[in-house]
Each structure stands twice: as C-alpha cells, then as structure tokens.
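Structure file upload.cif (mmCIF, C-alpha atoms and all ligand atoms) is printed below.
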```cif
data_run
#
loop_
_atom_site.label_atom_id
_atom_site.label_comp_id
_atom_site.auth_asym_id
_atom_site.auth_seq_id
_atom_site.Cartn_x
_atom_site.Cartn_y
_atom_site.Cartn_z
CA MET A 1 178.33 81.60 93.55
CA LYS A 2 174.59 81.40 92.91
CA ILE A 3 173.44 79.16 90.10
CA MET A 4 169.93 78.55 88.83
CA SER A 5 168.86 75.19 87.39
CA ILE A 6 165.98 75.35 84.95
CA ASN A 7 163.79 72.58 83.60
CA ALA A 8 161.40 73.99 81.01
CA GLY A 9 158.60 71.71 79.83
CA SER A 10 155.96 72.47 77.21
CA SER A 11 153.64 74.09 79.78
CA SER A 12 155.83 74.29 82.87
CA LEU A 13 159.03 75.80 84.19
CA LYS A 14 160.77 74.34 87.22
CA PHE A 15 163.63 76.17 88.89
CA CYS A 16 166.08 75.66 91.69
CA LEU A 17 168.45 78.37 92.88
CA PHE A 18 171.58 77.04 94.56
CA ASN A 19 174.25 78.59 96.69
CA MET A 20 177.10 76.60 95.19
CA ASP A 21 179.50 77.55 97.98
CA ASN A 22 177.87 74.77 99.99
CA GLU A 23 175.46 73.31 97.38
CA SER A 24 172.46 74.40 99.44
CA VAL A 25 169.09 75.27 97.93
CA ILE A 26 168.19 78.94 98.32
CA ALA A 27 164.82 78.68 96.60
CA SER A 28 162.92 76.36 94.32
CA GLY A 29 159.58 76.32 92.60
CA LEU A 30 157.36 75.52 89.70
CA PHE A 31 155.33 77.51 87.17
CA GLU A 32 152.53 75.37 85.77
CA ARG A 33 149.89 75.43 83.05
CA ILE A 34 151.79 78.05 81.04
CA GLY A 35 149.60 79.06 78.10
CA ILE A 36 146.59 77.27 79.61
CA GLU A 37 143.86 78.68 81.84
CA LYS A 38 144.39 78.59 85.62
CA SER A 39 148.14 78.91 85.38
CA ASN A 40 149.85 79.16 88.73
CA TYR A 41 153.17 78.98 90.48
CA TYR A 42 154.75 78.30 93.81
CA ILE A 43 158.08 79.32 95.25
CA LYS A 44 159.67 77.71 98.30
CA TYR A 45 162.35 79.59 100.20
CA ASN A 46 163.60 79.83 103.76
CA GLY A 47 161.08 77.27 105.03
CA GLU A 48 158.20 79.26 103.49
CA LYS A 49 156.05 78.66 100.45
CA ILE A 50 154.09 81.17 98.41
CA GLU A 51 151.62 80.10 95.74
CA GLN A 52 149.50 82.09 93.39
CA GLU A 53 147.18 81.72 90.42
CA VAL A 54 148.35 84.13 87.77
CA GLU A 55 148.03 84.51 84.02
CA LEU A 56 151.06 83.01 82.28
CA THR A 57 150.64 83.29 78.54
CA ASN A 58 154.14 82.08 77.75
CA HIS A 59 157.48 81.09 79.29
CA SER A 60 158.67 84.72 79.28
CA ASP A 61 155.82 85.62 81.65
CA ALA A 62 156.94 82.89 84.01
CA VAL A 63 160.59 84.03 83.90
CA LYS A 64 159.57 87.67 84.45
CA ILE A 65 157.51 86.80 87.52
CA LEU A 66 160.16 84.44 88.83
CA LEU A 67 162.89 87.09 88.68
CA GLU A 68 160.62 89.77 90.15
CA LYS A 69 159.64 87.48 93.01
CA LEU A 70 163.24 86.58 93.80
CA ILE A 71 163.84 90.28 94.46
CA ASP A 72 160.45 91.06 96.11
CA LEU A 73 160.83 88.17 98.53
CA ALA A 74 164.39 89.28 99.29
CA ILE A 75 165.72 85.89 98.15
CA ILE A 76 168.38 87.86 96.29
CA LYS A 77 169.09 91.60 96.38
CA SER A 78 169.86 92.01 92.70
CA LEU A 79 169.74 89.89 89.55
CA ASN A 80 173.50 90.38 89.32
CA GLU A 81 173.79 87.78 92.06
CA ILE A 82 172.80 85.06 89.58
CA ASP A 83 176.17 83.86 88.26
CA GLY A 84 174.90 81.28 85.82
CA ILE A 85 171.89 79.38 84.58
CA GLY A 86 171.92 75.69 83.77
CA HIS A 87 169.18 74.37 81.51
CA ARG A 88 168.07 70.78 81.42
CA LEU A 89 167.95 69.96 77.72
CA VAL A 90 166.41 66.77 76.45
CA HIS A 91 167.75 65.74 73.06
CA GLY A 92 171.24 66.46 71.82
CA LYS A 93 171.32 63.50 69.40
CA ASP A 94 174.84 62.13 68.94
CA LYS A 95 176.36 65.61 68.65
CA TYR A 96 176.35 66.51 72.34
CA LYS A 97 178.38 64.19 74.52
CA ASN A 98 178.86 66.61 77.40
CA SER A 99 177.29 69.72 78.88
CA VAL A 100 177.86 72.85 76.80
CA ILE A 101 177.75 76.62 76.90
CA ILE A 102 174.53 77.59 75.17
CA THR A 103 175.36 79.41 71.95
CA ASP A 104 173.20 80.25 68.94
CA GLU A 105 174.43 77.00 67.40
CA VAL A 106 173.11 74.99 70.36
CA ILE A 107 169.72 76.71 70.09
CA LYS A 108 169.62 75.97 66.37
CA ASP A 109 170.50 72.33 66.99
CA LEU A 110 167.76 72.01 69.59
CA GLU A 111 165.35 73.31 66.99
CA ASN A 112 166.76 71.02 64.30
CA PHE A 113 166.52 67.98 66.56
CA LYS A 114 162.94 68.67 67.48
CA GLU A 115 161.52 65.72 65.57
CA PHE A 116 163.43 63.53 68.04
CA ALA A 117 161.80 65.21 71.07
CA PRO A 118 158.78 67.09 69.75
CA LEU A 119 157.46 68.18 73.15
CA HIS A 120 160.70 68.78 74.98
CA ASN A 121 163.21 70.43 72.64
CA PRO A 122 160.92 73.33 71.61
CA ALA A 123 160.07 73.87 75.29
CA ASN A 124 163.78 73.93 76.16
CA VAL A 125 164.31 76.61 73.50
CA LEU A 126 161.45 78.68 74.91
CA GLY A 127 163.05 78.47 78.37
CA ILE A 128 166.47 79.52 77.05
CA LYS A 129 165.08 82.45 75.05
CA ALA A 130 162.95 83.67 77.95
CA PHE A 131 166.06 83.94 80.15
CA LYS A 132 168.26 85.33 77.36
CA ASN A 133 165.80 88.22 76.92
CA VAL A 134 166.07 89.39 80.52
CA LEU A 135 169.54 88.22 81.51
CA PRO A 136 171.53 88.44 78.26
CA ASP A 137 174.91 88.59 80.00
CA VAL A 138 174.47 85.70 82.41
CA PRO A 139 176.27 82.57 81.14
CA MET A 140 173.92 79.74 80.25
CA ILE A 141 174.85 76.10 80.15
CA GLY A 142 172.93 73.19 78.64
CA VAL A 143 172.89 69.74 80.22
CA PHE A 144 171.50 67.09 77.89
CA ASP A 145 169.47 64.07 79.01
CA THR A 146 171.01 62.08 76.18
CA ALA A 147 174.67 63.05 76.76
CA PHE A 148 175.61 60.46 79.39
CA HIS A 149 174.57 57.64 77.06
CA GLN A 150 176.90 58.72 74.28
CA THR A 151 179.56 56.29 75.51
CA MET A 152 177.49 53.28 74.38
CA SER A 153 179.10 51.10 71.73
CA GLU A 154 177.60 50.60 68.27
CA GLU A 155 176.62 47.12 69.37
CA ALA A 156 174.52 48.70 72.12
CA TYR A 157 173.01 51.63 70.26
CA LEU A 158 172.35 50.20 66.79
CA TYR A 159 169.03 48.48 66.17
CA PRO A 160 168.89 45.32 64.06
CA VAL A 161 167.05 47.14 61.26
CA PRO A 162 168.16 48.33 57.80
CA TYR A 163 171.42 50.26 58.38
CA LYS A 164 170.13 53.08 56.19
CA TRP A 165 167.60 53.91 58.92
CA TYR A 166 170.56 54.81 61.10
CA THR A 167 172.71 56.61 58.55
CA ASP A 168 169.88 58.48 56.82
CA TYR A 169 167.31 59.01 59.55
CA GLY A 170 169.25 58.80 62.82
CA VAL A 171 167.41 55.69 64.03
CA ARG A 172 169.48 54.44 67.00
CA LYS A 173 169.24 54.14 70.74
CA TYR A 174 169.80 57.53 72.40
CA GLY A 175 168.68 56.89 75.98
CA PHE A 176 167.26 59.42 78.44
CA HIS A 177 167.42 60.26 82.17
CA GLY A 178 171.17 60.59 81.58
CA THR A 179 171.63 63.32 84.18
CA SER A 180 170.01 61.17 86.86
CA HIS A 181 172.05 58.09 85.92
CA ARG A 182 175.22 60.17 85.91
CA TYR A 183 174.34 61.59 89.32
CA MET A 184 173.90 58.01 90.60
CA SER A 185 177.34 57.07 89.28
CA LEU A 186 178.91 60.11 90.97
CA CYS A 187 177.24 59.22 94.28
CA MET A 188 178.50 55.65 94.00
CA LYS A 189 182.00 56.95 93.27
CA GLU A 190 181.84 58.88 96.52
CA ILE A 191 180.49 55.89 98.45
CA LEU A 192 183.00 53.39 97.06
CA GLY A 193 185.91 55.83 96.93
CA LYS A 194 186.93 54.76 93.42
CA GLU A 195 185.92 55.07 89.79
CA ASP A 196 186.51 51.52 88.60
CA PHE A 197 183.28 49.82 89.55
CA LYS A 198 180.26 48.35 87.81
CA MET A 199 176.74 49.36 88.69
CA ILE A 200 173.15 49.27 87.53
CA SER A 201 171.23 52.49 88.01
CA CYS A 202 167.45 52.05 88.25
CA HIS A 203 165.62 55.34 87.74
CA ILE A 204 162.04 54.23 88.28
CA GLY A 205 159.41 56.92 88.54
CA ASN A 206 156.38 57.57 86.38
CA GLY A 207 158.85 57.34 83.51
CA GLY A 208 161.68 54.90 84.06
CA SER A 209 164.94 53.61 82.71
CA LEU A 210 167.91 51.52 83.78
CA ALA A 211 171.55 52.08 82.88
CA ALA A 212 174.47 49.68 82.95
CA ILE A 213 177.51 51.68 84.03
CA LYS A 214 181.16 50.61 84.02
CA ASN A 215 183.99 52.84 85.26
CA MET A 216 181.57 55.83 85.32
CA LYS A 217 180.57 55.32 81.67
CA CYS A 218 177.23 54.19 80.29
CA ILE A 219 177.49 50.82 78.57
CA ASP A 220 173.79 50.38 77.85
CA THR A 221 170.44 51.82 78.82
CA SER A 222 166.85 50.68 78.55
CA MET A 223 165.19 53.67 76.85
CA GLY A 224 165.90 53.85 73.15
CA PHE A 225 165.19 55.98 70.12
CA THR A 226 162.46 57.51 72.29
CA PRO A 227 161.52 57.20 75.97
CA LEU A 228 158.88 54.62 75.00
CA ALA A 229 161.39 51.78 75.01
CA GLY A 230 162.61 49.58 77.84
CA ILE A 231 160.86 48.80 81.09
CA MET A 232 157.14 49.14 81.75
CA MET A 233 156.29 52.57 83.19
CA GLY A 234 153.35 54.48 84.66
CA THR A 235 151.62 55.03 81.33
CA ARG A 236 154.22 53.75 78.82
CA SER A 237 154.34 50.18 77.63
CA GLY A 238 158.10 49.84 77.28
CA GLU A 239 159.09 47.18 74.76
CA ILE A 240 156.39 45.40 72.81
CA ASP A 241 156.31 43.42 69.58
CA SER A 242 156.09 46.15 66.94
CA SER A 243 153.67 44.07 64.82
CA ILE A 244 151.03 44.85 67.43
CA ILE A 245 150.95 48.41 66.08
CA PRO A 246 149.50 47.81 62.58
CA TYR A 247 147.28 45.05 63.98
CA VAL A 248 145.57 47.36 66.50
CA MET A 249 145.55 50.24 64.00
CA GLU A 250 143.32 48.15 61.82
CA LYS A 251 141.14 46.85 64.68
CA GLU A 252 140.52 50.32 66.08
CA GLY A 253 140.67 52.37 62.87
CA LYS A 254 143.48 54.47 64.31
CA ASN A 255 146.58 55.90 62.66
CA ALA A 256 150.14 55.19 63.79
CA SER A 257 150.47 58.30 65.93
CA GLU A 258 147.21 57.50 67.74
CA ILE A 259 148.55 54.06 68.61
CA ILE A 260 151.88 55.53 69.72
CA ASN A 261 149.88 57.89 71.90
CA ASP A 262 148.12 54.85 73.43
CA LEU A 263 151.51 53.24 74.06
CA ASN A 264 152.82 56.43 75.67
CA LYS A 265 149.80 57.57 77.62
CA ASN A 266 147.36 54.69 78.07
CA SER A 267 149.62 51.71 78.66
CA GLY A 268 151.98 50.58 81.42
CA LEU A 269 150.51 50.42 84.93
CA LEU A 270 147.51 52.46 83.81
CA GLY A 271 146.78 50.32 80.78
CA MET A 272 147.14 46.95 82.48
CA SER A 273 145.29 47.89 85.67
CA GLU A 274 142.63 50.04 83.98
CA TYR A 275 142.88 52.01 87.20
CA SER A 276 145.94 54.22 87.75
CA ASN A 277 149.48 55.00 86.65
CA ASP A 278 150.49 55.66 90.25
CA MET A 279 152.22 52.79 92.01
CA ARG A 280 150.62 53.78 95.34
CA ASP A 281 147.15 53.22 93.86
CA ILE A 282 148.24 49.97 92.25
CA LEU A 283 149.63 48.62 95.52
CA ALA A 284 146.42 49.60 97.35
CA LYS A 285 144.38 47.71 94.74
CA CYS A 286 146.71 44.72 95.07
CA GLU A 287 145.79 44.63 98.78
CA GLU A 288 142.19 44.20 97.65
CA GLN A 289 143.30 41.25 95.51
CA ASP A 290 142.43 43.10 92.30
CA LYS A 291 143.67 40.79 89.56
CA LYS A 292 144.49 43.46 86.97
CA ALA A 293 146.45 45.50 89.51
CA ILE A 294 148.37 42.41 90.61
CA ASN A 295 149.19 41.58 86.99
CA ALA A 296 150.29 45.15 86.37
CA LYS A 297 152.53 45.20 89.44
CA ASN A 298 154.01 41.78 88.66
CA LYS A 299 154.76 42.73 85.07
CA TYR A 300 156.33 46.00 86.23
CA VAL A 301 158.63 44.19 88.64
CA ARG A 302 159.45 41.50 86.12
CA ARG A 303 160.53 43.94 83.43
CA ILE A 304 162.93 45.61 85.86
CA VAL A 305 164.30 42.27 87.05
CA ASP A 306 164.77 41.20 83.42
CA TYR A 307 166.86 44.29 82.71
CA ILE A 308 168.92 43.95 85.88
CA ALA A 309 169.65 40.32 84.98
CA GLN A 310 170.59 41.34 81.44
CA TYR A 311 172.91 44.10 82.63
CA TYR A 312 174.44 41.86 85.29
CA VAL A 313 175.55 39.52 82.52
CA LEU A 314 176.54 42.35 80.17
CA LEU A 315 178.76 43.90 82.83
CA GLY A 316 180.10 40.52 83.98
CA GLY A 317 178.79 41.01 87.52
CA VAL A 318 178.11 44.24 89.37
CA ASP A 319 179.31 45.94 92.53
CA ALA A 320 176.15 47.93 93.16
CA ILE A 321 172.53 48.40 92.22
CA VAL A 322 170.93 51.77 92.93
CA PHE A 323 167.25 52.67 93.09
CA THR A 324 166.06 56.21 92.51
CA ALA A 325 163.07 58.40 91.39
CA GLY A 326 159.46 58.22 92.62
CA VAL A 327 159.03 54.45 92.89
CA GLY A 328 162.70 53.66 93.51
CA GLU A 329 163.01 56.15 96.36
CA ASN A 330 159.65 55.54 98.00
CA SER A 331 158.23 52.12 97.36
CA SER A 332 159.53 49.52 99.81
CA PRO A 333 157.27 46.72 98.48
CA ILE A 334 158.49 47.14 94.90
CA ARG A 335 162.15 47.30 95.94
CA ARG A 336 161.68 44.22 98.12
CA GLU A 337 160.03 42.23 95.32
CA ILE A 338 162.74 43.19 92.84
CA CYS A 339 165.51 42.23 95.26
CA GLU A 340 163.82 38.97 96.26
CA LYS A 341 163.63 37.95 92.62
CA LEU A 342 167.37 38.66 92.36
CA ALA A 343 168.26 36.46 95.33
CA CYS A 344 169.98 34.02 92.96
CA LEU A 345 172.60 36.73 92.34
CA GLY A 346 173.42 36.71 96.04
CA ILE A 347 171.48 39.88 96.84
CA LYS A 348 170.23 40.15 100.41
CA ILE A 349 168.48 43.20 101.79
CA ASP A 350 167.72 44.36 105.30
CA LEU A 351 163.93 44.67 105.52
CA ASP A 352 164.10 47.36 108.22
CA ALA A 353 166.38 49.50 106.08
CA ASN A 354 164.04 48.90 103.16
CA ASN A 355 161.13 50.37 105.11
CA LYS A 356 162.71 53.82 104.97
CA HIS A 357 161.78 56.01 102.06
CA GLY A 358 162.72 59.23 100.35
CA GLU A 359 166.24 59.21 101.77
CA PHE A 360 169.69 57.76 101.18
CA VAL A 361 169.83 54.22 102.53
CA LYS A 362 171.96 51.13 102.09
CA LEU A 363 169.49 48.29 101.63
CA SER A 364 171.85 45.37 101.32
CA THR A 365 173.14 43.38 104.27
CA ASP A 366 176.87 43.00 104.87
CA ASP A 367 176.84 39.48 103.43
CA SER A 368 175.02 40.49 100.24
CA LYS A 369 177.16 39.82 97.15
CA ILE A 370 175.98 43.09 95.59
CA ALA A 371 175.57 46.38 97.45
CA VAL A 372 172.10 47.85 97.00
CA TYR A 373 171.34 51.51 97.69
CA VAL A 374 168.49 53.98 97.53
CA ILE A 375 169.80 57.38 96.47
CA PRO A 376 167.40 60.30 95.96
CA THR A 377 168.11 61.72 92.54
CA ASN A 378 169.16 65.35 92.23
CA GLU A 379 169.38 66.29 88.59
CA GLU A 380 169.07 70.00 89.48
CA LEU A 381 172.23 69.87 91.57
CA LEU A 382 174.20 68.11 88.85
CA ILE A 383 173.03 70.72 86.35
CA ALA A 384 174.21 73.46 88.74
CA ARG A 385 177.56 71.68 89.22
CA ASP A 386 178.07 71.40 85.45
CA THR A 387 177.15 75.06 85.09
CA ILE A 388 179.69 76.23 87.61
CA SER A 389 182.42 73.98 86.29
CA LEU A 390 181.92 75.12 82.68
CA ILE A 391 181.82 78.77 83.76
CA ASN A 392 185.07 78.33 85.66
CA ARG A 393 186.73 76.30 82.93
CA THR A 394 185.91 78.70 80.15
CA GLY A 395 186.58 81.86 82.12
CA LEU A 396 183.01 83.12 81.66
CA ASN A 397 182.85 84.33 85.28
P1 LIG B 401 158.53 61.42 86.82
O1 LIG B 401 158.92 60.30 85.93
O2 LIG B 401 157.27 62.09 86.38
O3 LIG B 401 159.65 62.36 87.19
P2 LIG B 401 158.66 60.65 89.61
O4 LIG B 401 160.05 60.18 89.64
O5 LIG B 401 158.30 61.90 90.33
O6 LIG B 401 158.08 60.70 88.15
O7 LIG B 401 157.74 59.47 90.17
C1 LIG B 401 156.37 59.61 90.34
C2 LIG B 401 155.79 58.25 90.63
O8 LIG B 401 156.41 57.72 91.80
C3 LIG B 401 154.30 58.26 90.96
O9 LIG B 401 153.53 58.19 89.78
C4 LIG B 401 154.16 57.00 91.77
O10 LIG B 401 153.92 55.91 90.91
C5 LIG B 401 155.52 56.79 92.41
N1 LIG B 401 155.53 57.00 93.86
C6 LIG B 401 155.72 58.15 94.55
N2 LIG B 401 155.66 57.92 95.88
C7 LIG B 401 155.41 56.60 96.04
C8 LIG B 401 155.23 55.72 97.16
N3 LIG B 401 155.30 56.16 98.40
N4 LIG B 401 155.01 54.42 96.90
C9 LIG B 401 154.94 53.95 95.65
N5 LIG B 401 155.11 54.71 94.56
C10 LIG B 401 155.34 56.01 94.74
#
```

Can you give me the file's structure in the form of structure tokens?
Ligand code: ADP
Amino acid sequence: MKIMSINAGSSSLKFCLFNMDNESVIASGLFERIGIEKSNYYIKYNGEKIEQEVELTNHSDAVKILLEKLIDLAIIKSLNEIDGIGHRLVHGKDKYKNSVIITDEVIKDLENFKEFAPLHNPANVLGIKAFKNVLPDVPMIGVFDTAFHQTMSEEAYLYPVPYKWYTDYGVRKYGFHGTSHRYMSLCMKEILGKEDFKMISCHIGNGGSLAAIKNMKCIDTSMGFTPLAGIMMGTRSGEIDSSIIPYVMEKEGKNASEIINDLNKNSGLLGMSEYSNDMRDILAKCEEQDKKAINAKNKYVRRIVDYIAQYYVLLGGVDAIVFTAGVGENSSPIRREICEKLACLGIKIDLDANNKHGEFVKLSTDDSKIAVYVIPTNEELLIARDTISLINRTGLN
C-alpha cells in the first residue's frame, strides 16, 4: 500500500510518499513560499532531486504540481496507487485523543479551534481541501499534535488560575510535538521489548518540548496552552514570569500581541545571544568565548536539565531518556552537557557514541542507571502508520 504523509504549513507543504509494505520512502519533498513571490519546490526520489521555482498562489497549486510530478517522474503510474493520505494536524483541543478519519466535522472543528493555533489549523484545512478537490475518493486521516498528550491528568493540565478560564475559555495545557513523542515511545517499546516502562522524551529542535511517559502514555509535557511554554527554544522564551509582559509593554509602548511575538520570535537562543537561533552558530560563538552566547547555551541546557529532573521525580525514576529533533539528534556538545549535569541520577554516557550524529545510537554505558538514546524522529512514518491502520480498521480500503 502507498500512503502519503502531508504536513501543510501556512506557506509550505511537505510530503512523504511511503511504500507501507516495507515502510520505505518512495519520494519526499517540500513546496515553499506558497502565496509569496519566489515560491519553489523540490522532490527527492530514487536518489535524485529535482527543484524548481514556480508560481504557487495557493496550496491547491502545490498539490496539483505535486500529483502531476509524481506521474511525470514515473514515481507512480496512476493516482489510483495512492491508497491513503495522512495529514499532520496541529490542534484538536481536548476532543481528539487519537488519529481520526477526516470528515466534514473534523474540518469544521479545525476551523473552530483556530484561535488555539491561528497559523497552523487554517493551513491544515487548506491542505486537506486541496487534496479533497483532486482526490475526493482517497481516504484521509488526521493525526493531531495534541492527541498524545490527552492522557495527562487534571493535575498536570490545569493551570493554577481562575477555574472559569478553563471551563469557559479552554485555558489548559494541551502540549504539542505529540506525534514525535509518541514515535519515541514506540521506538523504546521495540528496544525494551515491553510496554511498562518510564521514559523522558526530549524533542529539542528549533522548537522543543519534553514529555514524561509512563506505560506508553503521556503523564506531562513541557509545552502548554501554546508552544510558547516550557523549555527555552531557538526563538521562544519558554516559561517566564508573566508580569514581565505588561511591564515591557509599557516600557516599549507595545501591545500584548507584539510582546507575545517578541517572546515567540525574538527570544530564546536568538534573544539571549543577540546573534542566532541556530545552536551551531551559538556553539561556534561559545568557542570564541562570547559571553552572551555562553549564557544562552547554559540557560538552554539548564532548562532542559530542570525538566528532566522534574519528570524524573514525577515518574518516580526513569528507565530511559531519549533525545531527538535537530539539536537532540545532532549536537554532541549539548547532549554531553545535559547528561553531565544529570550525573547525580547515575547517568553515564560513552563519549565516542555521543560523537555520532543524525542516527540511532545508545549513548549510555552499560553501568549507567538510566539508558540514554538518540533516536531520529519520524513523524511522517507514524502518520503513515496511523493512516494505514485506520483505513484497515474501518474498512475504507
Ligand atoms: P524544527 O523545530 O523547526 O522542526 P529541527 O528539529 O529541524 O527544528 O531543528 C533545527 C535546529 O536544530 C537548528 O535550528 C539548529 O539549532 C539545530 N541543529 C541542527 N543541526 C545541528 C548540529 N549539527 N549541531 C547543533 N545544532 C544543530
């Protein structure tokens, strides 16, 4: 069976076509700058890559070109070969606890929940509609970023604020990166050969979040009502004292959304270093003894260590810690610093193993009290797996 995973952003559309008989990638690619000048795309297939600048006025243009190219490049012979499409969806509030078949109701909910994910949910709807127009009979499945975190208890997801904010306005922790955290838990299940284990999943990229997972279920996660909460990120602050907001509003004559924009886009590594949001740049600056970069890196590491320590206690000890995403998969110095600061938990890592990047590796030594792994995330594959399993379960094939 051939399944396509789709991740539609406000101006982009990422795809991955899988042969699910062996979970191999047939083709993948990205359409960028949709609706902006200089839009372009690339498609990788069979060890080759084509790229082109082309006018993409909307998501439907991207889908049209994508499907044409799949045929032109002989990646598939006919569109009938696509058995299902899985869409990465961002916000399903507390209604969607699992992946679902995309119906009109799901589309309506995505639209209704848009104030919770103003950039992502409308983009997800555009992606769904663009495919529905050309492939109306192909089953479509939605995989929500928030779904995995729906197992959190009230104690974990409620904020200590007036209860009415929760009941009347939906103010609670939702959590994000759920598909990646779930993928980590499934990989650990395979590695450990059981489901009853406790782990901390560290998805640290430009955005980042941690999840405390027990027996394959999310117990707590660091992102919150929005992705602004939790650890420090590339351009996001993570947690701060909320009184800073009105204080700086007054100092800078800005409104609340301008300050939130600063906290989302001009904070984190970028804000503290006044240099870059990219950890590679920050580490290079640290080599030059740049004080702001060193502070930024130290704060970044500290926030992650704080969360791991918190989740270690919450879970009553852990069997495994997993690093994934851009920084987690690639940055040996950051992983080493995090693990060194956790030495009091009995964590020991093999420095040679830690020098590998971008691949699956066991970092911990045999005498480490906690197993530590690097596992490249693969949200696209999990979306494709959910798609096939829902198609099979509901007889849509
Ligand atoms: P996103 O949250 O946008 O999905 P990614 O998971 O792709 O982000 O992570 C991108 C980030 O990963 C970059 O901004 C950079 O900070 C970091 N990164 C990528 N490669 C390396 C590397 N070799 N060393 C350190 N950091 C890296």

Q.
So that I can see what lies close to A:Ile347, please list as an MDAnalysis selection string the residues with an atom at most 6 Å from it, counting only C-alpha atoms and leaving out residues fewer than 6 positions away in the same chain.
A. chainID A and resid 368:370

**Q.** stretch 249-264 of chain A environment, 6 Å, all atoms listed in the file, sequence neighbours closer than 3 positions dropped, as a list in words
**A.**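 Contacts, in chain order: Thr235, Arg236, Ser237, Pro246 and Ser267 of chain A.
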
Q. To one decimal place, how far is atom CA of A:Ala325 from atom CA of A:Asn298 in Å?
A.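 Interatomic distance here is 19.1 Å.
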
Q: List all protein, DNA and RNA residues that have an atom no more than 7 Å from any atom of ligand LIG 401 (chain B), counting all atoms listed in the file, and report them as JSON, numbers by chain.
A: {"A": [204, 205, 206, 207, 208, 234, 277, 278, 279, 280, 325, 326, 327, 330, 331]}

Q. Skipping near chain neighbours, those fewer than 4 positions away, what residues fall within 9 Å of A:Lys341 using all atoms listed in the file, listed as a ChimeraX atom specification?
A. /A:301-302,305,336-337

Counting only C-alpha atoms, what are the residues of stretch 103-170 of chain A within 12 Å of stretch 20-43 of chain A, and for each of them which pair of atoms is the nearest and at what distance in Å, to one decimal? Sort the table by chain and rising number, as CSV.
```
residue,atom,partner,partner_atom,distance
A:Ala123,CA,A:Ile34,CA,10.9
A:Leu126,CA,A:Ile34,CA,11.5
A:Gly127,CA,A:Ile34,CA,11.6
```

Would you save the residues of that selection, restricted to C-alpha atoms, as a PDB file, in the coordinates of the input?
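Resulting contents of again38.pdb:
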```
ATOM      1  CA  ALA A 123     160.070  73.870  75.290  1.00  0.00           C
ATOM      2  CA  LEU A 126     161.450  78.680  74.910  1.00  0.00           C
ATOM      3  CA  GLY A 127     163.050  78.470  78.370  1.00  0.00           C
TER       4      GLY A 127
END
```

Sort by chain and increasing residue number a table of all residues of stretch 42-125 of chain A within 10 Å of stretch 145-165 of chain A, each with its closest pair of atoms and their distance in Å to one decimal, counting all atoms listed in the file, and write it as a tab-separated table.
```
residue	atom	partner	partner_atom	distance
A:Arg88	CA	A:Asp145	CA	7.3
A:Leu89	CA	A:Asp145	CA	6.2
A:Val90	CA	A:Asp145	CA	4.8
A:His91	CA	A:Thr146	CA	5.8
A:Gly92	CA	A:Thr146	CA	6.2
A:Lys93	CA	A:Thr146	CA	6.9
A:Asp94	CA	A:Gln150	CA	6.7
A:Lys95	CA	A:Ala147	CA	8.7
A:Tyr96	CA	A:Ala147	CA	5.9
A:Lys97	CA	A:Ala147	CA	4.5
A:Asn98	CA	A:Ala147	CA	5.5
A:Ser99	CA	A:Ala147	CA	7.5
```

Nearby residues (all atoms listed in the file) at most 12 Å from A:His357, same-chain spacing under 3 positions excluded, as a short mmCIF file (atom, residue, chain, number, x, y, z; two decimals) with C-alpha atoms, in the frame of the given file:
```cif
data_model
loop_
_atom_site.label_atom_id
_atom_site.label_comp_id
_atom_site.auth_asym_id
_atom_site.auth_seq_id
_atom_site.Cartn_x
_atom_site.Cartn_y
_atom_site.Cartn_z
CA PHE A 323 167.25 52.67 93.09
CA THR A 324 166.06 56.21 92.51
CA ALA A 325 163.07 58.40 91.39
CA GLY A 326 159.46 58.22 92.62
CA VAL A 327 159.03 54.45 92.89
CA GLY A 328 162.70 53.66 93.51
CA GLU A 329 163.01 56.15 96.36
CA ASN A 330 159.65 55.54 98.00
CA SER A 331 158.23 52.12 97.36
CA SER A 332 159.53 49.52 99.81
CA PRO A 333 157.27 46.72 98.48
CA ILE A 334 158.49 47.14 94.90
CA ARG A 335 162.15 47.30 95.94
CA ASP A 352 164.10 47.36 108.22
CA ALA A 353 166.38 49.50 106.08
CA ASN A 354 164.04 48.90 103.16
CA PHE A 360 169.69 57.76 101.18
CA VAL A 361 169.83 54.22 102.53
CA LYS A 362 171.96 51.13 102.09
CA LEU A 363 169.49 48.29 101.63
CA TYR A 373 171.34 51.51 97.69
CA VAL A 374 168.49 53.98 97.53
CA ILE A 375 169.80 57.38 96.47
CA PRO A 376 167.40 60.30 95.96
#
```

With the input short on atoms, add N, CA, C and O atoms back to stretch 288-298 of chain A and write it as a compact mmCIF listing (two decimals), in the frame of the given file.
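Listed below is the output, part-v4.txt:
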```
# COMPACT_ATOMS: atom_id res chain seq x y z
N GLU A 288 143.59 44.66 97.79
CA GLU A 288 142.19 44.20 97.65
C GLU A 288 142.09 42.99 96.73
O GLU A 288 141.00 42.60 96.32
N GLN A 289 143.23 42.43 96.39
CA GLN A 289 143.30 41.25 95.51
C GLN A 289 142.77 41.53 94.11
O GLN A 289 142.22 40.64 93.46
N ASP A 290 142.88 42.77 93.65
CA ASP A 290 142.43 43.10 92.30
C ASP A 290 143.39 42.47 91.28
O ASP A 290 144.59 42.77 91.27
N LYS A 291 142.83 41.61 90.43
CA LYS A 291 143.67 40.79 89.56
C LYS A 291 144.47 41.65 88.55
O LYS A 291 145.65 41.40 88.30
N LYS A 292 143.81 42.65 87.98
CA LYS A 292 144.49 43.46 86.97
C LYS A 292 145.64 44.27 87.60
O LYS A 292 146.69 44.42 87.00
N ALA A 293 145.38 44.74 88.82
CA ALA A 293 146.45 45.50 89.51
C ALA A 293 147.62 44.57 89.84
O ALA A 293 148.78 44.95 89.70
N ILE A 294 147.30 43.37 90.28
CA ILE A 294 148.37 42.41 90.61
C ILE A 294 149.18 42.07 89.35
O ILE A 294 150.41 42.05 89.38
N ASN A 295 148.47 41.85 88.25
CA ASN A 295 149.19 41.58 86.99
C ASN A 295 150.07 42.74 86.59
O ASN A 295 151.21 42.56 86.15
N ALA A 296 149.54 43.95 86.75
CA ALA A 296 150.29 45.15 86.37
C ALA A 296 151.55 45.26 87.23
O ALA A 296 152.66 45.47 86.72
N LYS A 297 151.39 45.09 88.52
CA LYS A 297 152.53 45.20 89.44
C LYS A 297 153.57 44.11 89.14
O LYS A 297 154.78 44.38 89.08
N ASN A 298 153.07 42.88 88.92
CA ASN A 298 154.01 41.78 88.66
C ASN A 298 154.79 42.00 87.37
O ASN A 298 155.99 41.73 87.29
```
